[in-house]
Amino acid sequence: MRLEARVTVASRGVDATLMVDAGRTLALLGSNGAGKSTVLESLAGVVRPDRARIVLDGRILAGPDRRRSVPARDRGIVLLSQDDALFPMSVLDNVAFGPRSAGRRDAAEAARGWLDRVGCADLADRRPAQLSGGQARRVAIARALAAEPRVLLLDEPFAGLDVEAASSVRALVRELLDGVTAIVTTHDALDAHALADDAAVMEAGQVVEAGAAADVLSRPRSRFAARMAGRVLIQGTMRGGRLVVDGGSSIPVTGGPGAGAWAAIAVPPTAIELALDSPVSAGDRAWVIEEVVALEPRGDHVRVHGAIAAADTDPETAVTLERGARVWCGVPRGLPAYALT
Ligand SMILES: Nc1ncnc2c1ncn2[C@@H]1O[C@H](COP(=O)(O)OP(=O)(O)OP(=O)(O)O)[C@@H](O)[C@H]1O
């Protein structure tokens with residue numbers, strides 16, 4: 001029992017493969033434009049891929065013969081998109097829509113049950129325009145679940161909500177997703193940790209890494225996953241217990257694959273020290289010579305991104321740096337290395 005999919009949408013540069021086992025939640029991660037929404041829309045049948053193989057519990061929903069694709073309404077896959085506009089009818093009728101379309105006589109009763117579960121029982125008679133953003137999102141979630149989908153797709157379910165509403169909708173989704181087969185797109189590591197069993201990372205239309213959510217975030221293989229987990233991915237070649245990075249600097253590490261293998265350590269930038277001059281003594285750090293690639297203001301400090309590592313500094317120091325400036329990044333010794341394939 002699982003959802004397996006490969007979808008190609010050439011005009012959007014998407015060619016992605018993913019899999020979700022029954023009852024599990026997959027977090028689909030990736031930067032803006034990576035193709036996450038396109039994948040969800042293809043699975044739901046809203047977008048027609050150029051090529052697709054979508055199999056749900058052994059049933060082929062889309063295959064080589066595009067004419068035989070199962071129409072969206074018969075897929076048992078419901079997409080809750082970012083612009084989850086409710087229908088211009090009462091909240092109750094919105095939620096009853098799915099069960100009613102499925103011919104259920106008790107549609108209104110089922111809808112009341114769902115409204116109760118999302119904490120909106122008292123809003124049944126309201127119109128969408130009379131709801132707050134958080135209430136509308138809860139109603140949209142109830143409407144999606146009332147259709148009793150086999151797979152639920154949530155495209156950034158907390159986007160556009162204020163901090164408080166997002167936090168309560170997050171708790172609700174976490175509870176409702178228990179045991180449901182679902183894919184959730186998010187830019188937030190906390191959501192990936194809290195909601196998902198598994199995670200897949202998209203870059204430029206492709207899935208570049210996938211695995212258990214905790215693994216993807218603690219041993220990231222892509223820069224995006226590392227950044228999401230608040231880490232910088234330092235990659236290099238293993239040589240005698242050291243990671244040799246571009247430019248020849250080497251960092252003593254623990255573990256990791258054998259000599260000659262491509263490997264990484266994932267380091268919080270806050271643990272990396274920045275030096276503007278060549279450090280006189282190495283101390284407990286391995287110093288990597290860097291060229292500044294970007295300066296990222298982050299509240300009261302500035303993150304200095306190099307080609308290999310990143311480190312934080314104060315704004316007074318940051319203004320003396322520019323793109324291409326030479327700096328040294330002091331990386332702690334002995335961090336655990338892992339193989340990259
Ligand atoms: N309706 C559309 N028509 C044509 N191209 C589109 C359309 N929607 C998205 N695209 C393009 O397809 C690519 C993938 O976009 P998509 O919205 O799937 O990415 P995403 O990962 O969901 O991004 P975000 O995190 O910003 O929502 C982008 O290059 C985007 O410009």
# chains A, B, ... in the order shown; residues from 1 in each chain; ligands from 1
>>> select_by_dssp(residues="range 48-274 of chain A", states="helix (DSSP H, G or I)", output="MDAnalysis selection string")
chainID A and resid 66:68 72:74 91:101 107:117 121:123 128:130 133:146 163:176 189:195 213:218 223:228 269:271
>>> residues_near_ligand(ligand="ligand 1", cutoff="7 Å", atoms="only C-alpha atoms and all ligand atoms", output="PyMOL selection string")
chain A and resi 11-14+30-39+205
>>> residues_around(residues="Leu274 in chain A", least_positions_apart="4", cutoff="10 Å", atoms="only C-alpha atoms", output="ChimeraX atom specification")
/A:269-270,279,287-288,290,304,310-313,327-331
>>> residues_around(residues="range 156-165 of chain A", least_positions_apart="3", cutoff="8 Å", atoms="only C-alpha atoms", output="PyMOL selection string")
chain A and resi 80-82+133-134+137+168-170+184-187
>>> write_last_selection(atoms="N, CA and C atoms", output="compact mmCIF listing (two decimals), in the first residue's frame")
# COMPACT_ATOMS: atom_id res chain seq x y z
N LEU A 80 -4.95 20.40 -1.02
CA LEU A 80 -5.30 21.66 -0.37
C LEU A 80 -4.20 22.63 -0.77
N SER A 81 -4.54 23.54 -1.71
CA SER A 81 -3.48 24.37 -2.27
C SER A 81 -3.30 25.64 -1.46
N GLN A 82 -2.25 26.40 -1.84
CA GLN A 82 -1.92 27.60 -1.06
C GLN A 82 -3.05 28.62 -1.08
N GLY A 133 -8.31 34.37 8.61
CA GLY A 133 -7.43 33.51 7.82
C GLY A 133 -7.27 32.13 8.45
N GLY A 134 -7.09 32.10 9.76
CA GLY A 134 -6.89 30.83 10.46
C GLY A 134 -8.14 29.96 10.42
N ARG A 137 -8.59 28.49 6.98
CA ARG A 137 -7.67 27.37 6.74
C ARG A 137 -8.19 26.10 7.42
N SER A 168 -1.62 27.12 15.96
CA SER A 168 -2.76 26.26 16.29
C SER A 168 -3.17 25.39 15.11
N VAL A 169 -3.04 25.91 13.87
CA VAL A 169 -3.36 25.07 12.71
C VAL A 169 -2.32 23.94 12.58
N ARG A 170 -1.07 24.27 12.96
CA ARG A 170 0.00 23.26 12.92
C ARG A 170 -0.34 22.10 13.87
N VAL A 184 3.17 16.96 2.48
CA VAL A 184 3.08 18.36 2.92
C VAL A 184 4.28 19.11 2.38
N THR A 185 4.05 20.19 1.65
CA THR A 185 5.20 20.99 1.24
C THR A 185 5.43 22.05 2.31
N THR A 186 6.69 22.31 2.58
CA THR A 186 7.01 23.32 3.60
C THR A 186 8.42 23.85 3.38
N HIS A 187 8.65 25.04 3.94
CA HIS A 187 10.00 25.63 3.92
C HIS A 187 10.57 25.58 5.33
>>> closest_residue(among="A:Ala171, A:Ala147, A:Val232, A:Val91", to="Gln130 in chain A", atoms="only C-alpha atoms")
A:Val91
>>> closest_residue(among="A:Ala136, A:Ile289, A:Val216, A:Ala263", to="Asp198 in chain A", atoms="only C-alpha atoms")
A:Val216
>>> closest_residue(among="A:Leu28, A:Val9, A:Ala146, A:Leu340", to="Arg51 in chain A", atoms="only C-alpha atoms")
A:Val9
>>> select_by_dssp(residues="range 170-313 of chain A", states="strand (DSSP E or B)", output="short mmCIF file (atom, residue, chain, number, x, y, z; two decimals) with C-alpha atoms, in the first residue's frame")
data_model
loop_
_atom_site.label_atom_id
_atom_site.label_comp_id
_atom_site.auth_asym_id
_atom_site.auth_seq_id
_atom_site.Cartn_x
_atom_site.Cartn_y
_atom_site.Cartn_z
CA ALA A 182 -0.08 12.66 3.09
CA ILE A 183 2.42 14.94 1.40
CA VAL A 184 3.08 18.36 2.92
CA THR A 185 5.20 20.99 1.24
CA THR A 186 7.01 23.32 3.60
CA ASP A 198 9.83 11.03 5.68
CA ALA A 199 11.27 13.91 3.72
CA ALA A 200 12.22 14.49 0.09
CA VAL A 201 14.17 17.51 -1.11
CA MET A 202 13.56 19.04 -4.54
CA GLU A 203 16.06 21.13 -6.43
CA GLN A 206 14.15 16.92 -9.32
CA VAL A 207 14.11 15.04 -6.04
CA VAL A 208 17.75 15.18 -4.96
CA GLU A 209 17.49 13.38 -1.64
CA ALA A 210 14.89 11.39 0.25
CA GLY A 211 14.73 9.40 3.44
CA ALA A 212 13.49 9.46 7.01
CA VAL A 232 26.12 24.42 6.52
CA LEU A 233 27.11 21.40 4.48
CA ILE A 234 30.89 21.17 4.20
CA GLN A 235 31.78 18.66 1.51
CA GLY A 236 35.08 17.15 0.57
CA THR A 237 37.12 14.01 0.00
CA MET A 238 38.13 11.74 2.90
CA ARG A 239 41.84 11.30 3.48
CA ARG A 242 40.36 14.27 7.50
CA LEU A 243 37.95 15.91 5.12
CA VAL A 244 39.85 17.67 2.35
CA SER A 250 41.60 19.74 5.56
CA ILE A 251 39.39 19.26 8.60
CA PRO A 252 39.92 16.41 11.10
CA VAL A 253 36.64 14.48 11.43
CA THR A 254 35.42 11.36 13.19
CA GLY A 255 34.03 8.36 11.37
CA TRP A 262 33.08 11.99 -1.08
CA ALA A 263 31.77 12.96 2.36
CA ALA A 264 30.36 15.81 4.42
CA ILE A 265 29.95 17.29 7.85
CA ALA A 266 26.88 19.39 8.74
CA VAL A 267 27.89 22.27 10.98
CA GLU A 273 34.61 31.12 13.84
CA LEU A 274 35.39 33.83 11.33
CA ALA A 275 38.87 35.36 11.04
CA ARG A 285 39.84 24.46 14.98
CA ALA A 286 40.72 23.60 11.43
CA TRP A 287 41.00 26.76 9.35
CA VAL A 288 39.56 26.83 5.86
CA ILE A 289 40.53 29.63 3.49
CA GLU A 290 37.41 31.12 1.98
CA GLU A 291 36.23 33.75 -0.44
CA VAL A 292 33.12 35.65 0.57
CA VAL A 293 30.23 34.70 -1.71
CA ALA A 294 27.37 36.50 0.04
CA LEU A 295 26.53 38.52 3.13
CA GLU A 296 23.16 37.77 4.69
CA PRO A 297 21.78 40.17 7.32
CA ARG A 298 20.15 38.21 10.15
CA HIS A 301 24.34 39.76 13.10
CA VAL A 302 25.41 39.02 9.55
CA ARG A 303 26.01 35.56 8.11
CA VAL A 304 29.09 35.45 5.89
CA HIS A 305 28.69 32.75 3.25
CA GLY A 306 31.79 31.36 1.62
CA ALA A 310 29.54 30.05 6.53
CA ALA A 311 30.01 31.92 9.79
CA ASP A 312 28.39 34.76 11.68
CA THR A 313 29.87 38.13 12.46
#
